[in-house]
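Comments concern the structure below.
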Amino acid sequence: MKRLFWLGLGLAVGVYATRRASEAAHALTPAGVGANLADGLRELGAGLGAFGAEVRAGMTEREQELSDLVERRTGAPLPAMRDAFSDPEPTPARRPAPRARARRAGA
């Protein structure tokens with residue numbers, strides 16, 4: 001019975017060591033290095049995206065705080081960002097009064 005236990009333990013350790021060795025060997029091949037590099041870049045991209053989202057959320061929150069502060073101090077509401085940068089509606093061109101045209105024509 002002892003021999004069977006030690007044989008099983010030896011087999012289990014051998015399988016584990018063989019798998020670890022083959023994984024380490026694969027990691028050193030060009031395909032393994034490329035996969036590791038791709039995984040690292042994917043994680044970096046996800047981290048940068050999350051950082052950008054946090055920065056945008058912080059900017060929006062701080063903009064709202066500053067807007068509230070200015071409104072409290074001045075008493076006038078601030079225009080929204082989309083209103084501040086939107087094109088103003090065109091005003092119709094003025095036409096001279098009919099008398100003014102008649103004076104110019106007669107002169």
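Order determines the names: the first chain of the structure tokens is A, the second B, and so forth; residues in each chain are numbered 1 upward, and ligands are numbered 1 upward as they are shown.
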
Could you pull out all residues of stretch 55-86 of chain A with a DSSP call of helix (DSSP H, G or I) and give them as a ChimeraX atom specification?
/A:55-74,81-85

Point-to-point distance from atom CA of A:Leu7 to atom CA of A:His26, Å rounded to tenths
28.3 Å

I'd like the neighbourhood of stretch 81-84 of chain A as number ranges by chain, where a residue qualifies if any of its atoms comes within 12 Å (using only C-alpha atoms), though same-chain residues fewer than 4 positions away should be ignored.
A: 60, 63-64, 67, 88-89

Atom CA of A:Pro79 sits from atom CA of A:Glu65 at a separation of 14.4 Å

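Atom to atom, atom CA of A:Gly40 and atom CA of A:Ala24 stand 17.2 Å apart.
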